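A.B. asks: A single structure is presented below for examination.
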Amino acid sequence: MTPGSPSDRFGTALAYVRTMAVFVVAWWALAAWISNPALLPTPLAVVKAFAELAGDLELFQHAGISLARMLLSLALATLLAVPLGLAMGLSRALDDLVDPVIEILRPISGIAWIPLALFILGVGNALPVFIMTYAAFFPILLGTVAGVRSVDRRLIDAARTMGVPRGRIVARVVVPAALPSLLVALRLGVASSWTAVVAAELIGAPSGLGYAIEWYRELLLTPQVMSFIAMIGLLGYLLDRALRAMAQRFIPWAGEARLS
Amino acid sequence: MSTALPATRSLALPMARSVALPIALLVAWQIAGTASGNPRTPVPTKVLAAALQLVESGELPLALLQSLGRVFVGFAIAAALAIPLGLAMGAFARVERNVDPLVESFRPIAAIAILPLAILWLGTGTPAAILIVAYAAFFPIVVNTVAGAKRINPTFLRAAATMGLSRLTTMRTVIVPGALPAIGVGLRIAMGVAWTAIVAAELAVGAKAGGGGSGGIGQMMFIFYAYSIELNRIVVCMIAVGLVALALDRVLRAALRWAMPWTR
């Protein structure tokens with residue numbers, strides 16, 4: 001069987017269904033054995049809760065809030081990090097100047113900012129947006145710098161030989177060549193800010209997926225807790241998929257850039 | 001930089017440049033903090049004093065040790081499960097096909113998201129924190145191990161098969177050494193993720209369990225936030241979190257380089 005052939009794809013799909021079936025059966029057996037729906041509900045109870053939460057739109061409301069916060073944070077982080085990254089990648093002097101500050105701040109995870117930010121910003125929209133922007137900023141910045149550095153010198157030299165002005169070299173040569181690694185960086189940024197959103201909302205927001213999880217945990221409604229966890233996973237997966245599709249559509253010259 | 005310049009000068013200039021901005025920012029922070037007039041506003045001098053105090057009293061080292069202990073246990077569990085699984089998945093297509101759906105289904109779920117479940121199952125103590133760390137560290141190790149085991153030069157595998165090596169011997173002598181660098185990358189990523197996860201887990205446990213003393217750096221930060229409102233100490237904790245993250249990565253990198261001299 002060659003990979004990618006129809007029979008192979010069928011086999012993969014079959015394996016997928018089989019594995020998930022085994023997982024569900026094992027879960028069900030365990031739930032039946034524990035027989036405490038607050039501790040471990042059956043898969044059926046979770047599906048029911050999921051359908052109910054989806055039915056009265058509560059699931060989508062919280063998901064929408066979290067997603068909106070993430071898109072805003074991502075936009076902010078991109079607006080800050082991409083120009084700075086371009087400048088740092090192009091100018092050695094600026095890089096020498098700014099890089100130490102970046103390297104001092106970067107190891108401090110966004111989550112470690114939560115208590116201080118909570119004090120300054122209070123519980124609300126600002127806190128998760130700040131934490132997520134911070135979390136997304138560093139991967140995007142580093143990816144942009146690396147992307148600019150990896151641009152083939154000969155392309156820039158060629159453009160310069162032909163008398164192209166500096167601004168146009170950046171716009172027409174550097175940016176397109178750096179785009180693939182920028183997109184990988186964006187995916188990393190999305191992943192790390194999506195992780196941060198849950199923590200930020202769990203502690204310091206009156207709404208959103210992280211908040212909803214915690215709310216239902218306090219009520220000991222475990223099926224609802226699991227539904228929201230599933231939603232977080234599903235959205236995280238779809239976001240990554242969307243970014244990958246975007247990459248293939250808009251920068252087909254990049255090929256499949258892989259995340260480590 | 002021209003090579004004609006004396007060596008001292010060519011080194012001194014970038015050095016001066018690299019400390020310029022951090023120092024300028026620290027000074028600006030001090031001035032702005034003092035000017036704000038609020039005695040609670042953290043400023044570098046007060047942060048330094050608070051740091052000395054916390055280190056001297058032993059509170060900070062103790063909290064860091066608690067967190068580090070959890071990270072190491074969780075990390076070890078994750079590595080012990082993820083490396084063999086990843087090798088099996090990378091070496092045998094059948095294993096990958098059957099296990100991959102599970103891995104890919106759970107991978108997008110952030111470790112912090114399962115924290116409420118961990119608290120529900122294991123309480124607010126150390127076991128819940130270890131579960132979160134192990135969960136967070138598991139996926140980077142698996143994914144990188146699989147990639148490493150798959151990227152092995154097929155010629156080596158064919159050579160091993162030609163020489164009649166058993167599957168186990170092939171695994172031990174060809175696949176494992178070939179995959180080691182990728183496993184190392186996975187371990188480094190996992191360590192960073194694990195450290196972030198422990199801080200998050202301890203913070204959230206502190207926030208949601210009403211300060212039920214499970215200890216650790218995250219919990220300590222939360223207490224400074226919620227009970228004693230000492231922002232200088234929170235900043236000390238943040239710096240400590242950053243320094244430990246940096247140190248963990250450096251130590252792990254050095255250890256991996258020592259263990260795999262050929263990747264140098």
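Each chain of the structure tokens is named A, B, ... in the order shown, its residues numbered from 1; ligands are numbered from 1 in display order.
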Find the spatial neighbours of region 67-75 of chain B, counting only C-alpha atoms, within a cut-off of 12 Å - ignore same-chain residues fewer than 5 positions away - and output them as a count of residues only.
C.D. replies: 56
A.B. asks: Please check the contacts: residues of chain A at most 8 Å away from chain B, using only C-alpha atoms, listed as number ranges by chain.
C.D. replies: A: 12, 15-16, 18-20, 39, 93, 96-101, 104-109, 111-113, 115-116, 119, 194-195, 198-199, 202-203, 210, 213-214, 217, 222, 225, 229-230, 232-234, 236-237, 260
A.B. asks: Just the selected residues (C-alpha atoms), exported as a tab-separated table (two decimals), in the first residue's frame, please.
C.D. replies:
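The result, written out as out-v9.tsv:
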chain	number	residue	atom	x	y	z
A	12	THR	CA	-6.31	5.35	8.03
A	15	ALA	CA	-7.99	2.93	12.11
A	16	TYR	CA	-9.26	6.30	13.31
A	18	ARG	CA	-11.52	1.86	15.48
A	19	THR	CA	-9.23	3.69	17.90
A	20	MET	CA	-11.83	6.20	18.93
A	39	LEU	CA	-16.23	12.20	39.01
A	93	ALA	CA	22.50	47.76	15.63
A	96	ASP	CA	21.97	44.46	19.53
A	97	LEU	CA	19.99	47.10	21.35
A	98	VAL	CA	16.60	45.42	21.68
A	99	ASP	CA	17.46	41.74	21.79
A	100	PRO	CA	18.73	41.75	25.41
A	101	VAL	CA	15.41	43.15	26.63
A	104	ILE	CA	15.17	39.03	29.58
A	105	LEU	CA	11.38	39.12	29.20
A	106	ARG	CA	10.84	36.03	27.06
A	107	PRO	CA	11.48	33.38	29.72
A	108	ILE	CA	8.83	34.98	31.94
A	109	SER	CA	5.76	33.18	30.67
A	111	ILE	CA	0.94	33.14	32.79
A	112	ALA	CA	3.44	34.45	35.34
A	113	TRP	CA	2.15	37.94	34.53
A	115	PRO	CA	-1.17	38.18	39.29
A	116	LEU	CA	0.47	41.51	38.53
A	119	PHE	CA	-3.84	43.84	40.10
A	194	TRP	CA	-4.66	29.79	23.01
A	195	THR	CA	-3.01	28.03	25.94
A	198	VAL	CA	-7.62	29.30	29.29
A	199	ALA	CA	-5.36	30.16	32.23
A	202	LEU	CA	-9.83	30.62	34.53
A	203	ILE	CA	-8.46	33.14	36.98
A	210	GLY	CA	-11.83	29.12	30.73
A	213	ILE	CA	-14.98	25.40	32.75
A	214	GLU	CA	-14.30	26.69	36.21
A	217	ARG	CA	-16.48	22.61	38.04
A	222	THR	CA	-18.53	17.36	35.10
A	225	VAL	CA	-16.81	20.78	32.18
A	229	ILE	CA	-12.71	21.22	27.43
A	230	ALA	CA	-13.65	19.45	24.19
A	232	ILE	CA	-11.21	24.25	23.58
A	233	GLY	CA	-9.47	21.35	21.90
A	234	LEU	CA	-11.72	21.53	18.86
A	236	GLY	CA	-7.45	24.96	18.92
A	237	TYR	CA	-7.34	22.30	16.22
A	260	SER	CA	8.57	21.42	15.83
A.B. asks: Grab the CA of Ala247 (chain A) to CA of Ala77 (chain A) distance for me, in Å with one decimal place.
C.D. replies: 18.6 Å
A.B. asks: What is the distance between CA of Met132 (chain A) and CA of Met70 (chain A), in Å to one decimal?
C.D. replies: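 Pair CA of Met132 (chain A) / CA of Met70 (chain A) returns 6.8 Å.
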A.B. asks: Name the residues in contact with Leu74 (chain A) at a cut-off of 7 Å, using only C-alpha atoms, excluding same-chain residues fewer than 4 positions from it; report them as a PyMOL selection string.
C.D. replies: chain A and resi 70+78+133+136
A.B. asks: Near Gln30 (chain B), counting only C-alpha atoms, which residues have an atom at most 8 Å away, once you skip same-chain residues fewer than 5 positions from it, shown as a list in words?
C.D. replies: Val43, Pro44 and Thr45 of chain B
A.B. asks: Keeping only N, CA and C atoms, write the selected residues to a file as a compact mmCIF listing (two decimals), in the first residue's frame.
C.D. replies:
# COMPACT_ATOMS: atom_id res chain seq x y z
N VAL B 43 9.08 49.29 42.32
CA VAL B 43 10.20 49.94 41.64
C VAL B 43 11.43 49.04 41.83
N PRO B 44 12.41 49.17 40.93
CA PRO B 44 13.55 48.25 40.97
C PRO B 44 14.22 48.15 42.35
N THR B 45 14.42 49.29 43.03
CA THR B 45 15.13 49.20 44.32
C THR B 45 14.33 48.39 45.33
A.B. asks: Identify which of the residues A:Val129, A:Leu40, A:Leu141, A:Ala117 lies closest to Met88 (chain A), counting only C-alpha atoms when measuring atom-to-atom distances.
C.D. replies: A:Leu141
A.B. asks: Nearest residue to Tyr211 (chain A) out of A:Gly147, A:Gly85, A:Gly110, A:Pro128, using only C-alpha atoms?
C.D. replies: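 Ranked by minimum distance to Tyr211 (chain A), first place goes to A:Pro128.
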A.B. asks: Could you tell me, as a ChimeraX atom specification, which residues of region 16-240 of chain A DSSP assigns to alpha helix (DSSP H) when given the backbone?
C.D. replies: /A:16-34,43-55,58-90,92-105,114-121,126-149,153-161,166-169,175-204,209-218,222-240
